[in-house]
Structure formats: C-alpha cells, structure tokens
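Chemist: Sharing a structure, written as structure tokens. Questions coming.
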Amino acid sequence: MLEKTDYIYGIRAVIEAIESGKEIDKVLVRKDLKGDLARELMEVVKHHGVLVQKVPVEKIERITRKNHQGVLAILSAITYDSLANVVPILYEEGRTPFIVLLDGITDVRNFGAIARTCECAGVDAIVITRRGGVGVNADAMKTSAGALSYIPVCRETSILNAVKFLRDSGCRVFAASEKSTIDYTRADYTGPVALVMGAEDVGISPDVLRFCDETVSIPQAGKIGSLNVSVAAGVMIYEVVRQRRGVL
C-alpha cells in the first residue's frame, strides 16, 4: 500500500508537481477523463515526458478515495541522474565506466534484483527509459534491499539514444542475447563497458541490437530457452568484475 507521501492527487496539484520538477514515476488518469484542465494536464505530461497510464477509476480509488478528480501521480523514490552528467564525471575521476542498461524490463522485482547486484558489484550506473519500462518505486526499492538509494539511475528518452551516447563516449556496448553464438566469457570487458539486458518476454529490441558493438550469450544445457533476466544480469556483471580484477 502506498504511503500518503508517495503520491499526489488532483489535476491542478499534479500539473504543479510536474512543472516544479518533482520526480514522477507515472501518472494514473481515469479512462474517461475530459475537460479543459484534463487537456492541459495531458499537454504538460507530454512536454515533460512523464509516463501516463489510463486506468479504471477503481484503480485510483484503491490508493485514495479523496477528491482525486480522476488523476493521481505516483512519486519516484529517488532523484534520477543523466548519462550526460554521470559519464564525464567517471572519466574525470580516472575510473573505467561500467554501465548497465535495461531495455524494456517491466518487472520491478527483476529490476530490484538487478540493482542489488549492480550495487554489490560496483556498477557505476543503471539506465532505464522514461516510457515502456520500470521506474524506481517503493516495490523496486524494497526488492533492491535499498541498493537503489546508492547507485545512480539514469532515466533517458530511449535505450537506443543511450547506447549511441555511450559509444560516442568511448564505451564498448555489449548486448546479452541467447541468439548469439559468442560465449560471454570470450569478450573483453576490461575497458569502458556498457551491458544491455533485454525485456523478460522479447529481449533486446532490434534497433538497439544493431547499434551494440558485440552480442554475447550465456551457455545453457537445459530445456528452458533462457535465464531469468536478473540471473543473466548477475552472471554477466560478475564476469566483468572477474576480468577487471584479473588485470589489477
């Protein structure tokens, strides 16, 4: 159950929260919401790139029965970073960037588990998107065992743009896909690295795959076609750690 401090309700209150720069995870809007103020809200969320979900009013009323006017904004549990800020700082500090990108992952439990592994392994940042994926909410924070409070999370317009930025910034971008014939241990992760992990159902999007430098896979001997993404991420992340410790 959300705490009262986790959300804002009412059309005008939500508009003001977005325009003041509050970190919004998503906005729930009653399916049949109409009117001038509702149109203004939709213009504001579109301008600021805020995720909107049109839902039955019952979903909003499970969170609050106060005068919500058919609109409720769920606040993010953290302040997001951006790759444009994080990556230059890593280089300035003399560090070798290690970034994990999540392309279309929607399960907050997987997200939280990956974040926990990232924090333990010393990953420098996690990249998610503003739309079509997970956000940092209370469930993700709980699953991550608090790790999301310590590791930078960059919320970008798209994973494709993030991949292009990282390549331009000197990172070699690796995609994890069961379709690859290259064993993940054969790749060299000792330089600046970005790992892309795909969605639970469809994997990494084709457009993103085309821009990655190399696609690798984790060998499997069982009958099930793929590993859970949080497990696969853990395997990949600790191969980077293993190789980097080997050159220290």
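Chain labels run A, B, ... following the order of the structure tokens; each chain numbers its residues from 1, and ligands are numbered from 1 in the order shown.
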For range 82-162 of chain A versus range 41-65 of chain A, which residues have an atom no more than 12 Å away, and what is each residue's nearest atom pair and distance in Å rounded to one decimal, using only C-alpha atoms, chain-then-number order, as a Markdown table?
Modeler:
| residue | atom | partner | partner_atom | distance |
| --- | --- | --- | --- | --- |
| A:Thr129 | CA | A:Leu51 | CA | 10.0 |
| A:Arg130 | CA | A:Leu51 | CA | 6.6 |
| A:Arg131 | CA | A:Leu51 | CA | 5.7 |
| A:Gly132 | CA | A:Leu51 | CA | 8.2 |
| A:Gly133 | CA | A:Leu51 | CA | 9.7 |
| A:Val134 | CA | A:Leu51 | CA | 10.5 |
| A:Gly135 | CA | A:Leu51 | CA | 9.8 |
| A:Arg155 | CA | A:Gly49 | CA | 10.6 |
| A:Glu156 | CA | A:Gly49 | CA | 10.0 |
| A:Thr157 | CA | A:Gly49 | CA | 8.0 |
| A:Ser158 | CA | A:Gly49 | CA | 11.2 |
Chemist: Go ahead and dump the residues you just picked, N, CA and C atoms, as a PDB file, in the first residue's frame.
Modeler:
ATOM      1  N   THR A 129      14.400   3.749 -19.169  1.00  0.00           N
ATOM      2  CA  THR A 129      13.771   4.742 -20.044  1.00  0.00           C
ATOM      3  C   THR A 129      12.579   5.397 -19.355  1.00  0.00           C
ATOM      4  N   ARG A 130      12.192   6.549 -19.883  1.00  0.00           N
ATOM      5  CA  ARG A 130      11.051   7.272 -19.332  1.00  0.00           C
ATOM      6  C   ARG A 130       9.739   6.557 -19.627  1.00  0.00           C
ATOM      7  N   ARG A 131       9.703   5.824 -20.728  1.00  0.00           N
ATOM      8  CA  ARG A 131       8.473   5.148 -21.129  1.00  0.00           C
ATOM      9  C   ARG A 131       8.743   3.684 -21.447  1.00  0.00           C
ATOM     10  N   GLY A 132       7.760   2.840 -21.178  1.00  0.00           N
ATOM     11  CA  GLY A 132       7.841   1.446 -21.595  1.00  0.00           C
ATOM     12  C   GLY A 132       8.692   0.547 -20.729  1.00  0.00           C
ATOM     13  N   GLY A 133       9.025   0.972 -19.528  1.00  0.00           N
ATOM     14  CA  GLY A 133       9.838   0.133 -18.659  1.00  0.00           C
ATOM     15  C   GLY A 133       9.581   0.436 -17.200  1.00  0.00           C
ATOM     16  N   VAL A 134      10.441  -0.091 -16.359  1.00  0.00           N
ATOM     17  CA  VAL A 134      10.287   0.088 -14.918  1.00  0.00           C
ATOM     18  C   VAL A 134      10.667   1.493 -14.475  1.00  0.00           C
ATOM     19  N   GLY A 135      10.204   1.848 -13.283  1.00  0.00           N
ATOM     20  CA  GLY A 135      10.625   3.064 -12.606  1.00  0.00           C
ATOM     21  C   GLY A 135      11.015   2.713 -11.187  1.00  0.00           C
ATOM     22  N   ARG A 155      17.506   8.002 -16.148  1.00  0.00           N
ATOM     23  CA  ARG A 155      16.263   7.782 -16.900  1.00  0.00           C
ATOM     24  C   ARG A 155      16.352   8.590 -18.180  1.00  0.00           C
ATOM     25  N   GLU A 156      16.571   7.887 -19.305  1.00  0.00           N
ATOM     26  CA  GLU A 156      16.802   8.519 -20.595  1.00  0.00           C
ATOM     27  C   GLU A 156      15.572   8.400 -21.493  1.00  0.00           C
ATOM     28  N   THR A 157      15.575   9.155 -22.585  1.00  0.00           N
ATOM     29  CA  THR A 157      14.432   9.117 -23.501  1.00  0.00           C
ATOM     30  C   THR A 157      14.306   7.761 -24.186  1.00  0.00           C
ATOM     31  N   SER A 158      15.433   7.115 -24.470  1.00  0.00           N
ATOM     32  CA  SER A 158      15.403   5.788 -25.074  1.00  0.00           C
ATOM     33  C   SER A 158      16.730   5.081 -24.829  1.00  0.00           C
TER      34      SER A 158
END
Chemist: Quick one: residues within 7 Å of range 18-26 of chain A, only C-alpha atoms counted, chain neighbours fewer than 2 positions away excluded, as a PDB file with N, CA and C atoms, in the first residue's frame?
Modeler:
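In the end it all went to selection18.pdb:
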ATOM      1  N   VAL A  14      -1.249  17.850  -9.583  1.00  0.00           N
ATOM      2  CA  VAL A  14      -0.318  17.036 -10.362  1.00  0.00           C
ATOM      3  C   VAL A  14       0.399  17.893 -11.409  1.00  0.00           C
ATOM      4  N   ILE A  15      -0.326  18.784 -12.067  1.00  0.00           N
ATOM      5  CA  ILE A  15       0.298  19.695 -13.036  1.00  0.00           C
ATOM      6  C   ILE A  15       1.403  20.504 -12.354  1.00  0.00           C
ATOM      7  N   GLU A  16       1.095  21.072 -11.209  1.00  0.00           N
ATOM      8  CA  GLU A  16       2.072  21.900 -10.492  1.00  0.00           C
ATOM      9  C   GLU A  16       3.276  21.076 -10.042  1.00  0.00           C
ATOM     10  N   LEU A  28      -1.480   8.219 -13.116  1.00  0.00           N
ATOM     11  CA  LEU A  28      -2.678   7.435 -13.406  1.00  0.00           C
ATOM     12  C   LEU A  28      -3.818   8.391 -13.728  1.00  0.00           C
ATOM     13  N   VAL A  50       6.494  12.517 -19.092  1.00  0.00           N
ATOM     14  CA  VAL A  50       6.049  11.713 -17.950  1.00  0.00           C
ATOM     15  C   VAL A  50       5.163  10.571 -18.444  1.00  0.00           C
ATOM     16  N   LEU A  51       5.385   9.388 -17.888  1.00  0.00           N
ATOM     17  CA  LEU A  51       4.579   8.228 -18.256  1.00  0.00           C
ATOM     18  C   LEU A  51       3.151   8.384 -17.742  1.00  0.00           C
ATOM     19  N   VAL A  52       2.174   8.129 -18.623  1.00  0.00           N
ATOM     20  CA  VAL A  52       0.756   8.210 -18.266  1.00  0.00           C
ATOM     21  C   VAL A  52       0.106   6.854 -18.504  1.00  0.00           C
ATOM     22  N   ALA A  73      -0.688  11.053  -9.270  1.00  0.00           N
ATOM     23  CA  ALA A  73       0.711  10.916  -9.669  1.00  0.00           C
ATOM     24  C   ALA A  73       1.467  10.143  -8.597  1.00  0.00           C
ATOM     25  N   ILE A  74       2.150   9.093  -9.010  1.00  0.00           N
ATOM     26  CA  ILE A  74       2.980   8.324  -8.084  1.00  0.00           C
ATOM     27  C   ILE A  74       4.402   8.875  -8.165  1.00  0.00           C
ATOM     28  N   LEU A  75       4.925   9.286  -7.032  1.00  0.00           N
ATOM     29  CA  LEU A  75       6.239   9.914  -6.990  1.00  0.00           C
ATOM     30  C   LEU A  75       7.345   8.874  -7.055  1.00  0.00           C
ATOM     31  N   SER A  76       8.442   9.254  -7.676  1.00  0.00           N
ATOM     32  CA  SER A  76       9.616   8.381  -7.695  1.00  0.00           C
ATOM     33  C   SER A  76      10.255   8.368  -6.317  1.00  0.00           C
ATOM     34  N   THR A  79      15.904  10.577  -6.879  1.00  0.00           N
ATOM     35  CA  THR A  79      16.136  11.601  -7.892  1.00  0.00           C
ATOM     36  C   THR A  79      16.985  10.985  -8.987  1.00  0.00           C
ATOM     37  N   GLY A 135      10.204   1.848 -13.283  1.00  0.00           N
ATOM     38  CA  GLY A 135      10.625   3.064 -12.606  1.00  0.00           C
ATOM     39  C   GLY A 135      11.015   2.713 -11.187  1.00  0.00           C
ATOM     40  N   VAL A 136      11.589   3.670 -10.498  1.00  0.00           N
ATOM     41  CA  VAL A 136      12.015   3.418  -9.120  1.00  0.00           C
ATOM     42  C   VAL A 136      10.854   3.756  -8.185  1.00  0.00           C
ATOM     43  N   ASN A 137      10.096   2.729  -7.826  1.00  0.00           N
ATOM     44  CA  ASN A 137       9.000   2.921  -6.888  1.00  0.00           C
ATOM     45  C   ASN A 137       9.293   2.150  -5.598  1.00  0.00           C
TER      46      ASN A 137
END
Chemist: Could you find all residues in range 21-207 of chain A that DSSP calls strand (DSSP E or B) from the backbone, and write them as a PyMOL selection string?
Modeler: chain A and resi 24-30+52-55+71-75+81+98-103+125-129+153-156+172-176+183+193-199+203
Chemist: Which one is closest to Ala17 in chain A: A:Met141, A:Leu72, A:Ala38, A:Gly203? Count only C-alpha atoms.
Modeler: A:Leu72
Chemist: Write out as a ChimeraX atom specification all residues of range 109-171 of chain A that DSSP puts in helix (DSSP H, G or I) for this structure's backbone.
Modeler: /A:109-121,138-143,147-149,159-168
Chemist: Could you write out that same residue set with N, CA and C atoms as a short mmCIF file (atom, residue, chain, number, x, y, z; two decimals), in the first residue's frame?
Modeler:
data_model
loop_
_atom_site.label_atom_id
_atom_site.label_comp_id
_atom_site.auth_asym_id
_atom_site.auth_seq_id
_atom_site.Cartn_x
_atom_site.Cartn_y
_atom_site.Cartn_z
N ARG A 109 10.47 -6.52 -9.63
CA ARG A 109 11.26 -7.46 -8.85
C ARG A 109 12.57 -7.79 -9.56
N ASN A 110 12.49 -7.98 -10.87
CA ASN A 110 13.72 -8.18 -11.63
C ASN A 110 14.61 -6.94 -11.56
N PHE A 111 13.99 -5.78 -11.71
CA PHE A 111 14.73 -4.52 -11.64
C PHE A 111 15.43 -4.38 -10.29
N GLY A 112 14.70 -4.63 -9.22
CA GLY A 112 15.29 -4.52 -7.90
C GLY A 112 16.44 -5.49 -7.69
N ALA A 113 16.26 -6.73 -8.17
CA ALA A 113 17.32 -7.73 -8.03
C ALA A 113 18.56 -7.34 -8.83
N ILE A 114 18.35 -6.82 -10.04
CA ILE A 114 19.49 -6.37 -10.85
C ILE A 114 20.20 -5.20 -10.18
N ALA A 115 19.42 -4.27 -9.65
CA ALA A 115 20.02 -3.11 -8.97
C ALA A 115 20.85 -3.55 -7.77
N ARG A 116 20.37 -4.54 -7.04
CA ARG A 116 21.12 -5.04 -5.88
C ARG A 116 22.45 -5.63 -6.33
N THR A 117 22.43 -6.42 -7.41
CA THR A 117 23.66 -6.98 -7.95
C THR A 117 24.60 -5.89 -8.43
N CYS A 118 24.05 -4.90 -9.13
CA CYS A 118 24.86 -3.79 -9.64
C CYS A 118 25.57 -3.07 -8.51
N GLU A 119 24.85 -2.78 -7.45
CA GLU A 119 25.46 -2.05 -6.34
C GLU A 119 26.56 -2.88 -5.68
N CYS A 120 26.31 -4.17 -5.49
CA CYS A 120 27.31 -5.04 -4.87
C CYS A 120 28.56 -5.19 -5.74
N ALA A 121 28.37 -5.16 -7.06
CA ALA A 121 29.48 -5.38 -7.99
C ALA A 121 30.23 -4.11 -8.35
N ALA A 138 8.33 2.13 -4.70
CA ALA A 138 8.55 1.51 -3.39
C ALA A 138 8.85 0.02 -3.52
N ASP A 139 8.17 -0.68 -4.44
CA ASP A 139 8.42 -2.11 -4.62
C ASP A 139 9.85 -2.37 -5.13
N ALA A 140 10.29 -1.55 -6.06
CA ALA A 140 11.65 -1.72 -6.57
C ALA A 140 12.69 -1.46 -5.48
N MET A 141 12.43 -0.42 -4.68
CA MET A 141 13.34 -0.11 -3.57
C MET A 141 13.43 -1.28 -2.61
N LYS A 142 12.29 -1.88 -2.28
CA LYS A 142 12.27 -2.99 -1.34
C LYS A 142 13.02 -4.19 -1.90
N THR A 143 12.76 -4.53 -3.16
CA THR A 143 13.41 -5.69 -3.78
C THR A 143 14.91 -5.49 -3.90
N ALA A 147 19.46 -0.86 -2.43
CA ALA A 147 20.58 -0.56 -3.34
C ALA A 147 20.29 0.64 -4.23
N LEU A 148 19.01 0.84 -4.58
CA LEU A 148 18.65 1.95 -5.45
C LEU A 148 18.85 3.31 -4.80
N SER A 149 19.12 3.32 -3.51
CA SER A 149 19.44 4.57 -2.82
C SER A 149 20.90 4.95 -3.02
N ILE A 159 16.69 3.74 -24.83
CA ILE A 159 17.91 2.96 -24.68
C ILE A 159 18.79 3.13 -25.91
N LEU A 160 18.16 3.26 -27.08
CA LEU A 160 18.94 3.46 -28.31
C LEU A 160 19.78 4.72 -28.23
N ASN A 161 19.19 5.82 -27.80
CA ASN A 161 19.95 7.07 -27.66
C ASN A 161 21.05 6.92 -26.61
N ALA A 162 20.77 6.18 -25.55
CA ALA A 162 21.77 5.96 -24.51
C ALA A 162 22.94 5.15 -25.05
N VAL A 163 22.64 4.13 -25.85
CA VAL A 163 23.70 3.32 -26.45
C VAL A 163 24.58 4.18 -27.36
N LYS A 164 23.95 5.01 -28.18
CA LYS A 164 24.72 5.89 -29.08
C LYS A 164 25.61 6.83 -28.27
N PHE A 165 25.07 7.41 -27.20
CA PHE A 165 25.85 8.31 -26.36
C PHE A 165 27.04 7.59 -25.73
N LEU A 166 26.81 6.39 -25.23
CA LEU A 166 27.89 5.64 -24.58
C LEU A 166 28.98 5.25 -25.58
N ARG A 167 28.59 4.87 -26.77
CA ARG A 167 29.60 4.56 -27.80
C ARG A 167 30.42 5.80 -28.13
N ASP A 168 29.74 6.92 -28.28
CA ASP A 168 30.45 8.17 -28.56
C ASP A 168 31.35 8.58 -27.41
#
Chemist: From the set A:Lys223, A:His68, A:Arg210, A:Arg95, which residue has the shortest atom-to-atom contact distance to Tyr7 in chain A, counting only C-alpha atoms?
Modeler: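 Closest to Tyr7 in chain A, using only C-alpha atoms: A:His68.
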Chemist: I want to know what sits within 7 Å of Pro192 in chain A, based on only C-alpha atoms, with residues of the same chain fewer than 3 positions away left out; could you give that as a PyMOL selection string?
Modeler: chain A and resi 96-98+170-172
Chemist: Considering only C-alpha atoms, state which residue in the set A:Glu239, A:Asp213, A:Asp201, A:Asp6 is at the smallest distance from Thr106 in chain A.
Modeler: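 Among the listed residues, A:Asp201 lies closest to Thr106 in chain A.
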